[in-house]
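Coordinates as given in target.cif (mmCIF, C-alpha atoms):
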data_final
loop_
_atom_site.label_atom_id
_atom_site.label_comp_id
_atom_site.auth_asym_id
_atom_site.auth_seq_id
_atom_site.Cartn_x
_atom_site.Cartn_y
_atom_site.Cartn_z
CA MET A 911 64.99 1.38 -98.59
CA SER A 912 67.75 -0.04 -100.74
CA GLU A 913 66.87 -3.76 -100.76
CA ILE A 914 63.64 -5.62 -101.33
CA ILE A 915 62.03 -6.99 -98.18
CA LYS A 916 60.87 -10.55 -98.70
CA SER A 917 58.90 -11.05 -95.49
CA TRP A 918 57.48 -9.09 -92.57
CA ALA A 919 57.06 -9.84 -88.86
CA ILE A 920 53.83 -9.29 -86.90
CA VAL A 921 54.04 -6.99 -83.90
CA GLN A 922 51.41 -6.62 -81.19
CA PHE A 923 51.24 -3.08 -79.87
CA LYS A 924 49.95 -1.91 -76.51
CA PRO A 925 46.33 -0.68 -76.30
CA ASN A 926 45.90 2.64 -78.14
CA ALA A 927 49.67 2.90 -78.67
CA HIS A 928 49.90 2.25 -82.41
CA LYS A 929 51.12 5.79 -83.23
CA LEU A 930 53.74 5.62 -80.49
CA ALA A 931 54.90 2.17 -81.66
CA VAL A 932 55.15 3.28 -85.31
CA ARG A 933 57.11 6.42 -84.40
CA ASN A 934 59.57 4.57 -82.15
CA LEU A 935 60.10 1.69 -84.59
CA LYS A 936 60.80 4.14 -87.43
CA GLN A 937 63.36 5.94 -85.23
CA GLN A 938 65.16 2.58 -84.97
CA LYS A 939 65.18 2.27 -88.79
CA PHE A 940 62.49 -0.39 -88.99
CA LYS A 941 60.06 -0.27 -91.90
CA THR A 942 56.49 -0.44 -90.60
CA PHE A 943 53.11 -0.99 -92.17
CA LEU A 944 49.96 -0.26 -90.18
CA PRO A 945 46.86 -0.59 -92.39
CA LEU A 946 44.04 1.66 -91.17
CA GLU A 947 40.33 1.78 -91.89
CA GLU A 948 38.14 4.87 -91.92
CA ILE A 949 35.08 4.60 -89.68
CA THR A 950 32.24 7.02 -89.12
CA LYS A 951 30.41 7.22 -85.82
CA TYR A 952 27.39 9.22 -84.77
CA LYS A 953 28.22 11.01 -81.51
CA ASN A 954 26.53 13.96 -79.81
CA GLY A 955 24.37 14.69 -82.85
CA LYS A 956 27.33 14.72 -85.27
CA PHE A 957 28.99 12.26 -87.61
CA ILE A 958 32.66 11.88 -86.74
CA SER A 959 35.16 10.13 -89.02
CA THR A 960 38.20 8.51 -87.44
CA GLN A 961 40.83 5.98 -88.41
CA ARG A 962 41.56 2.76 -86.56
CA PRO A 963 43.92 -0.15 -87.24
CA LEU A 964 42.53 -2.68 -89.70
CA PHE A 965 43.88 -5.48 -87.49
CA PRO A 966 43.23 -4.19 -83.96
CA GLY A 967 46.33 -4.54 -81.83
CA TYR A 968 48.65 -5.64 -84.65
CA MET A 969 50.95 -4.15 -87.28
CA PHE A 970 53.71 -5.36 -89.61
CA VAL A 971 57.43 -4.63 -89.26
CA ALA A 972 60.45 -5.28 -91.50
CA SER A 973 63.97 -4.00 -91.44
CA GLU A 974 66.60 -3.02 -94.00
CA ARG A 975 69.20 -5.28 -92.47
CA GLU A 976 69.16 -9.04 -93.04
CA ASN A 977 70.31 -10.23 -89.61
CA MET A 978 68.39 -7.77 -87.47
CA ASP A 979 68.34 -8.10 -83.70
CA TRP A 980 64.61 -8.70 -83.46
CA TYR A 981 64.71 -8.43 -79.66
CA LYS A 982 64.96 -4.64 -80.11
CA ILE A 983 61.34 -4.64 -81.24
CA ASN A 984 60.16 -6.13 -77.93
CA CYS A 985 61.97 -3.33 -76.06
CA THR A 986 60.34 -0.55 -78.08
CA TYR A 987 57.93 1.84 -76.34
CA GLY A 988 54.39 1.14 -77.51
CA VAL A 989 55.15 -2.46 -78.51
CA SER A 990 53.74 -5.29 -76.46
CA LYS A 991 55.56 -8.15 -78.21
CA LEU A 992 56.78 -9.60 -81.45
CA LEU A 993 54.80 -12.67 -82.46
CA THR A 994 57.07 -15.69 -82.61
CA LEU A 995 56.94 -19.34 -83.60
CA ASN A 996 59.62 -21.65 -82.10
CA SER A 997 61.54 -18.60 -80.79
CA GLU A 998 61.74 -17.10 -84.29
CA PRO A 999 59.69 -14.12 -85.52
CA TYR A 1000 56.54 -15.31 -87.31
CA MET A 1001 56.98 -14.02 -90.85
CA ILE A 1002 54.40 -12.90 -93.41
CA SER A 1003 55.23 -13.02 -97.12
CA GLN A 1004 55.83 -9.90 -99.18
CA THR A 1005 53.05 -11.07 -101.51
CA LEU A 1006 50.43 -10.81 -98.77
CA ILE A 1007 51.71 -7.41 -97.63
CA ASN A 1008 51.66 -6.16 -101.25
CA ALA A 1009 48.04 -7.33 -101.60
CA ILE A 1010 47.04 -5.37 -98.49
CA MET A 1011 49.07 -2.32 -99.58
CA ALA A 1012 47.33 -2.38 -102.97
CA ARG A 1013 44.00 -1.86 -101.18
CA CYS A 1014 45.35 1.16 -99.24
CA ASN A 1015 46.19 4.73 -100.16
CA SER A 1016 49.66 6.26 -99.74
CA VAL A 1017 49.25 6.75 -95.96
CA GLY A 1018 47.94 3.23 -95.35
CA VAL A 1019 44.19 3.93 -95.14
CA LEU A 1020 42.02 1.26 -96.75
CA PHE A 1021 40.13 2.39 -99.84
CA PRO A 1022 36.36 2.26 -99.38
CA GLN A 1023 34.74 -0.94 -100.58
CA LYS A 1024 32.93 -0.89 -103.91
CA GLN A 1025 29.30 0.07 -103.45
CA PHE A 1026 27.04 -1.84 -105.80
CA LEU A 1027 23.42 -0.83 -106.35
CA LYS A 1028 20.35 -2.75 -107.45
CA ASP A 1029 20.26 -3.37 -111.23
CA ASP A 1030 24.01 -2.67 -111.72
CA ARG A 1031 25.55 -4.83 -114.48
CA VAL A 1032 28.57 -6.65 -113.06
CA CYS A 1033 31.11 -9.26 -114.09
CA LEU A 1034 32.31 -11.99 -111.76
CA THR A 1035 36.11 -12.02 -111.44
CA SER A 1036 36.86 -15.45 -109.94
CA GLY A 1037 35.42 -18.83 -109.12
CA PRO A 1038 33.47 -21.20 -111.33
CA PHE A 1039 31.58 -18.31 -112.96
CA ASP A 1040 34.68 -16.25 -113.81
CA ASN A 1041 33.88 -13.64 -116.50
CA PHE A 1042 30.12 -14.32 -116.31
CA LEU A 1043 27.86 -11.29 -116.53
CA ALA A 1044 25.26 -10.76 -113.82
CA THR A 1045 22.79 -8.19 -112.51
CA VAL A 1046 22.81 -7.01 -108.90
CA GLU A 1047 19.53 -8.05 -107.32
CA SER A 1048 20.15 -6.61 -103.86
CA VAL A 1049 22.79 -5.58 -101.33
CA ASP A 1050 22.07 -6.37 -97.68
CA LYS A 1051 23.09 -4.39 -94.60
CA ASN A 1052 26.32 -6.43 -94.26
CA GLN A 1053 27.35 -5.44 -97.83
CA ARG A 1054 26.75 -8.95 -99.17
CA VAL A 1055 25.74 -8.79 -102.83
CA TRP A 1056 23.02 -10.99 -104.33
CA VAL A 1057 23.32 -11.29 -108.10
CA LEU A 1058 21.28 -12.89 -110.85
CA ILE A 1059 23.47 -14.90 -113.24
CA ASP A 1060 22.09 -15.89 -116.63
CA LEU A 1061 22.81 -19.63 -116.98
CA MET A 1062 21.45 -21.29 -120.12
CA GLY A 1063 18.55 -18.87 -120.42
CA GLN A 1064 17.54 -19.10 -116.75
CA GLU A 1065 18.41 -16.57 -114.05
CA THR A 1066 20.09 -18.08 -111.01
CA ARG A 1067 20.44 -16.17 -107.75
CA ALA A 1068 23.88 -16.26 -106.07
CA LEU A 1069 25.58 -14.57 -103.11
CA VAL A 1070 28.92 -13.01 -104.11
CA LYS A 1071 31.54 -11.09 -102.12
CA PRO A 1072 31.92 -7.50 -103.42
CA GLU A 1073 35.66 -8.00 -104.02
CA LYS A 1074 34.84 -10.76 -106.54
CA LEU A 1075 32.79 -8.38 -108.69
CA LYS A 1076 33.62 -5.58 -111.07
CA TYR A 1077 31.41 -3.31 -113.12
CA ALA A 1078 30.66 -4.73 -116.58
CA THR A 1079 32.05 -2.71 -119.44
#
What is this file in structure tokens?
Amino acid sequence: MSEIIKSWAIVQFKPNAHKLAVRNLKQQKFKTFLPLEEITKYKNGKFISTQRPLFPGYMFVASERENMDWYKINCTYGVSKLLTLNSEPYMISQTLINAIMARCNSVGVLFPQKQFLKDDRVCLTSGPFDNFLATVESVDKNQRVWVLIDLMGQETRALVKPEKLKYAT
């Protein structure tokens, strides 16, 4: 792609037609981004890993041309509709797309979330306790992390999202 895309449109694809929609949009010279997540299911006595869209039913589309005929997207096989606001495509900023892309590998599959274990030394990366050191107390079944933060000589228990933690160096 020769020019930088500043914003992306949201496309709703037909049920189980994301591969068809991506293929047909790319044939029309649209740039697409379909973030996927890896899931593992237990079926018939075996663990099976598959990929599914991160945002079920939706993907992002941009084009190389500035004044693109967006109606072409609605007529694409596999596409249900282009999301619009006041008859104009609803646009997502390049910043948000870049943030999602940064969490994906080269084929658009989301990297696995950090797995913290009890007694890991971590550093908080945002919020009022930015750069504070803490110890992981526990991780529950929903991957919520409970940490113990040392505040003025007293340990305080706090619930922190895994993406707001990094391993202490």
**Prompt:** Quick one: which residues end up in the PyMOL selection byres ((chain A and resi 934-945) around 10) for this structure, as JSON, numbers by chain?
**Reply:** {"A": [911, 915, 918, 919, 920, 921, 928, 929, 930, 931, 932, 933, 946, 947, 961, 962, 963, 964, 965, 966, 968, 969, 970, 971, 972, 973, 974, 975, 978, 982, 983, 986, 987, 988, 989, 1007, 1010, 1011, 1013, 1014, 1015, 1017, 1018, 1019, 1020]}
**Message:** My list of candidates is A:Thr960, A:Cys985, A:Ser997, A:Lys1074. Which is closest to A:Pro1038 when distances are computed with only C-alpha atoms?
**Reply:**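 Checking each of A:Thr960, A:Cys985, A:Ser997, A:Lys1074 against A:Pro1038, counting only C-alpha atoms, the winner is A:Lys1074.
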Matched chain/residue IDs from the PyMOL selection byres ((chain A and resi 1050) around 12), as a tab-separated table (two decimals) with C-alpha atoms, keeping the file's coordinate frame:
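Listed below is the output, part06.tsv:
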chain	number	residue	atom	x	y	z
A	1025	GLN	CA	29.30	0.07	-103.45
A	1026	PHE	CA	27.04	-1.84	-105.80
A	1027	LEU	CA	23.42	-0.83	-106.35
A	1028	LYS	CA	20.35	-2.75	-107.45
A	1046	VAL	CA	22.81	-7.01	-108.90
A	1047	GLU	CA	19.53	-8.05	-107.32
A	1048	SER	CA	20.15	-6.61	-103.86
A	1049	VAL	CA	22.79	-5.58	-101.33
A	1051	LYS	CA	23.09	-4.39	-94.60
A	1052	ASN	CA	26.32	-6.43	-94.26
A	1053	GLN	CA	27.35	-5.44	-97.83
A	1054	ARG	CA	26.75	-8.95	-99.17
A	1055	VAL	CA	25.74	-8.79	-102.83
A	1056	TRP	CA	23.02	-10.99	-104.33
A	1057	VAL	CA	23.32	-11.29	-108.10
A	1069	LEU	CA	25.58	-14.57	-103.11
A	1070	VAL	CA	28.92	-13.01	-104.11
A	1071	LYS	CA	31.54	-11.09	-102.12
A	1072	PRO	CA	31.92	-7.50	-103.42
**Complete:** A straight line from atom CA of A:Asn926 to atom CA of A:Lys991 spans 14.5 Å
**Chain and number of each residue from the PyMOL selection byres ((chain A and resi 1032) around 7), as a list in words** = Asp1030, Arg1031, Cys1033, Leu1034, Leu1043, Ala1044, Thr1045, Leu1075, Lys1076, Tyr1077 and Ala1078 of chain A
**Request:** Work out how far apart atom CA of A:Phe1042 and atom CA of A:Ile1059 are and give it in Å to one decimal.
**Result:**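 Computing the Euclidean distance for atom CA of A:Phe1042 and atom CA of A:Ile1059 yields 7.3 Å.
Interatomic distance, atom CA of A:Lys924 against atom CA of A:Phe957: 27.6 Å.
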Listed atoms of stretch 1003-1021 of chain A, axis-aligned box, 5 Å per side: centre and edge lengths to one decimal in Å, as lines of an AutoDock Vina configuration file?
center_x = 48.0
center_y = -3.1
center_z = -99.1
size_x = 25.7
size_y = 29.8
size_z = 17.8
**Request:** Go through A:Ser917, A:Gln1064, A:Gln922, A:Ser1036 and flag the residue nearest A:Ser990, using all atoms listed in the file for the distances.
**Result:** A:Gln922
Have stretch 957-968 of chain A completed to all heavy atoms, please, and pass it along as a PDB file, in the frame of the given file.
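Final output, rebuild.pdb:
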ATOM      1  N   PHE A 957      28.249  13.381 -87.044  1.00  0.00           N
ATOM      2  CA  PHE A 957      28.990  12.260 -87.610  1.00  0.00           C
ATOM      3  C   PHE A 957      30.473  12.589 -87.514  1.00  0.00           C
ATOM      4  O   PHE A 957      30.907  13.648 -87.965  1.00  0.00           O
ATOM      5  CB  PHE A 957      28.596  12.011 -89.065  1.00  0.00           C
ATOM      6  CG  PHE A 957      27.241  11.397 -89.214  1.00  0.00           C
ATOM      7  CD1 PHE A 957      26.145  12.161 -89.589  1.00  0.00           C
ATOM      8  CD2 PHE A 957      27.050  10.050 -88.970  1.00  0.00           C
ATOM      9  CE1 PHE A 957      24.896  11.592 -89.725  1.00  0.00           C
ATOM     10  CE2 PHE A 957      25.804   9.466 -89.105  1.00  0.00           C
ATOM     11  CZ  PHE A 957      24.718  10.248 -89.477  1.00  0.00           C
ATOM     12  N   ILE A 958      31.232  11.674 -86.916  1.00  0.00           N
ATOM     13  CA  ILE A 958      32.660  11.880 -86.740  1.00  0.00           C
ATOM     14  C   ILE A 958      33.424  10.754 -87.424  1.00  0.00           C
ATOM     15  O   ILE A 958      33.172   9.584 -87.162  1.00  0.00           O
ATOM     16  CB  ILE A 958      33.027  11.913 -85.233  1.00  0.00           C
ATOM     17  CG1 ILE A 958      32.275  13.054 -84.548  1.00  0.00           C
ATOM     18  CG2 ILE A 958      34.527  12.054 -85.037  1.00  0.00           C
ATOM     19  CD1 ILE A 958      32.368  13.019 -83.038  1.00  0.00           C
ATOM     20  N   SER A 959      34.344  11.119 -88.321  1.00  0.00           N
ATOM     21  CA  SER A 959      35.160  10.130 -89.020  1.00  0.00           C
ATOM     22  C   SER A 959      36.506  10.010 -88.313  1.00  0.00           C
ATOM     23  O   SER A 959      37.154  11.011 -88.017  1.00  0.00           O
ATOM     24  CB  SER A 959      35.397  10.538 -90.466  1.00  0.00           C
ATOM     25  OG  SER A 959      34.202  10.427 -91.191  1.00  0.00           O
ATOM     26  N   THR A 960      36.900   8.775 -88.050  1.00  0.00           N
ATOM     27  CA  THR A 960      38.200   8.510 -87.440  1.00  0.00           C
ATOM     28  C   THR A 960      38.835   7.319 -88.154  1.00  0.00           C
ATOM     29  O   THR A 960      38.186   6.629 -88.929  1.00  0.00           O
ATOM     30  CB  THR A 960      38.075   8.175 -85.935  1.00  0.00           C
ATOM     31  OG1 THR A 960      37.225   7.032 -85.780  1.00  0.00           O
ATOM     32  CG2 THR A 960      37.512   9.344 -85.150  1.00  0.00           C
ATOM     33  N   GLN A 961      40.104   7.110 -87.848  1.00  0.00           N
ATOM     34  CA  GLN A 961      40.830   5.980 -88.410  1.00  0.00           C
ATOM     35  C   GLN A 961      41.228   5.053 -87.282  1.00  0.00           C
ATOM     36  O   GLN A 961      41.625   5.507 -86.208  1.00  0.00           O
ATOM     37  CB  GLN A 961      42.070   6.447 -89.160  1.00  0.00           C
ATOM     38  CG  GLN A 961      41.749   7.282 -90.362  1.00  0.00           C
ATOM     39  CD  GLN A 961      42.998   7.891 -90.975  1.00  0.00           C
ATOM     40  OE1 GLN A 961      44.083   7.823 -90.427  1.00  0.00           O
ATOM     41  NE2 GLN A 961      42.824   8.506 -92.137  1.00  0.00           N
ATOM     42  N   ARG A 962      41.121   3.757 -87.534  1.00  0.00           N
ATOM     43  CA  ARG A 962      41.560   2.760 -86.560  1.00  0.00           C
ATOM     44  C   ARG A 962      42.301   1.656 -87.297  1.00  0.00           C
ATOM     45  O   ARG A 962      42.094   1.458 -88.500  1.00  0.00           O
ATOM     46  CB  ARG A 962      40.371   2.202 -85.772  1.00  0.00           C
ATOM     47  CG  ARG A 962      39.450   1.335 -86.591  1.00  0.00           C
ATOM     48  CD  ARG A 962      38.351   0.749 -85.749  1.00  0.00           C
ATOM     49  NE  ARG A 962      37.505  -0.086 -86.591  1.00  0.00           N
ATOM     50  CZ  ARG A 962      36.305  -0.471 -86.269  1.00  0.00           C
ATOM     51  NH1 ARG A 962      35.784  -0.100 -85.127  1.00  0.00           N
ATOM     52  NH2 ARG A 962      35.605  -1.239 -87.079  1.00  0.00           N
ATOM     53  N   PRO A 963      43.169   0.931 -86.582  1.00  0.00           N
ATOM     54  CA  PRO A 963      43.920  -0.150 -87.240  1.00  0.00           C
ATOM     55  C   PRO A 963      42.986  -1.199 -87.831  1.00  0.00           C
ATOM     56  O   PRO A 963      41.986  -1.581 -87.224  1.00  0.00           O
ATOM     57  CB  PRO A 963      44.758  -0.735 -86.103  1.00  0.00           C
ATOM     58  CG  PRO A 963      44.890   0.379 -85.120  1.00  0.00           C
ATOM     59  CD  PRO A 963      43.593   1.140 -85.200  1.00  0.00           C
ATOM     60  N   LEU A 964      43.312  -1.655 -89.025  1.00  0.00           N
ATOM     61  CA  LEU A 964      42.530  -2.680 -89.700  1.00  0.00           C
ATOM     62  C   LEU A 964      42.563  -3.986 -88.909  1.00  0.00           C
ATOM     63  O   LEU A 964      41.560  -4.684 -88.806  1.00  0.00           O
ATOM     64  CB  LEU A 964      43.060  -2.900 -91.116  1.00  0.00           C
ATOM     65  CG  LEU A 964      42.360  -3.950 -91.972  1.00  0.00           C
ATOM     66  CD1 LEU A 964      40.899  -3.564 -92.197  1.00  0.00           C
ATOM     67  CD2 LEU A 964      43.066  -4.108 -93.307  1.00  0.00           C
ATOM     68  N   PHE A 965      43.724  -4.309 -88.348  1.00  0.00           N
ATOM     69  CA  PHE A 965      43.880  -5.480 -87.490  1.00  0.00           C
ATOM     70  C   PHE A 965      44.125  -4.966 -86.079  1.00  0.00           C
ATOM     71  O   PHE A 965      45.276  -4.699 -85.719  1.00  0.00           O
ATOM     72  CB  PHE A 965      45.059  -6.354 -87.969  1.00  0.00           C
ATOM     73  CG  PHE A 965      44.986  -6.739 -89.414  1.00  0.00           C
ATOM     74  CD1 PHE A 965      45.844  -6.176 -90.347  1.00  0.00           C
ATOM     75  CD2 PHE A 965      44.044  -7.663 -89.853  1.00  0.00           C
ATOM     76  CE1 PHE A 965      45.781  -6.525 -91.687  1.00  0.00           C
ATOM     77  CE2 PHE A 965      43.964  -8.022 -91.188  1.00  0.00           C
ATOM     78  CZ  PHE A 965      44.833  -7.446 -92.100  1.00  0.00           C
ATOM     79  N   PRO A 966      43.068  -4.802 -85.278  1.00  0.00           N
ATOM     80  CA  PRO A 966      43.230  -4.190 -83.960  1.00  0.00           C
ATOM     81  C   PRO A 966      44.304  -4.865 -83.119  1.00  0.00           C
ATOM     82  O   PRO A 966      44.288  -6.060 -82.901  1.00  0.00           O
ATOM     83  CB  PRO A 966      41.845  -4.358 -83.314  1.00  0.00           C
ATOM     84  CG  PRO A 966      40.910  -4.485 -84.470  1.00  0.00           C
ATOM     85  CD  PRO A 966      41.694  -5.211 -85.533  1.00  0.00           C
ATOM     86  N   GLY A 967      45.256  -4.056 -82.687  1.00  0.00           N
ATOM     87  CA  GLY A 967      46.330  -4.540 -81.830  1.00  0.00           C
ATOM     88  C   GLY A 967      47.562  -5.032 -82.567  1.00  0.00           C
ATOM     89  O   GLY A 967      48.562  -5.372 -81.928  1.00  0.00           O
ATOM     90  N   TYR A 968      47.531  -5.066 -83.907  1.00  0.00           N
ATOM     91  CA  TYR A 968      48.650  -5.640 -84.650  1.00  0.00           C
ATOM     92  C   TYR A 968      49.086  -4.756 -85.818  1.00  0.00           C
ATOM     93  O   TYR A 968      48.285  -4.045 -86.415  1.00  0.00           O
ATOM     94  CB  TYR A 968      48.292  -7.030 -85.193  1.00  0.00           C
ATOM     95  CG  TYR A 968      47.982  -8.003 -84.092  1.00  0.00           C
ATOM     96  CD1 TYR A 968      46.677  -8.195 -83.672  1.00  0.00           C
ATOM     97  CD2 TYR A 968      48.995  -8.705 -83.451  1.00  0.00           C
ATOM     98  CE1 TYR A 968      46.383  -9.072 -82.643  1.00  0.00           C
ATOM     99  CE2 TYR A 968      48.717  -9.581 -82.424  1.00  0.00           C
ATOM    100  CZ  TYR A 968      47.405  -9.766 -82.025  1.00  0.00           C
ATOM    101  OH  TYR A 968      47.122 -10.629 -81.005  1.00  0.00           O
TER     102      TYR A 968
END
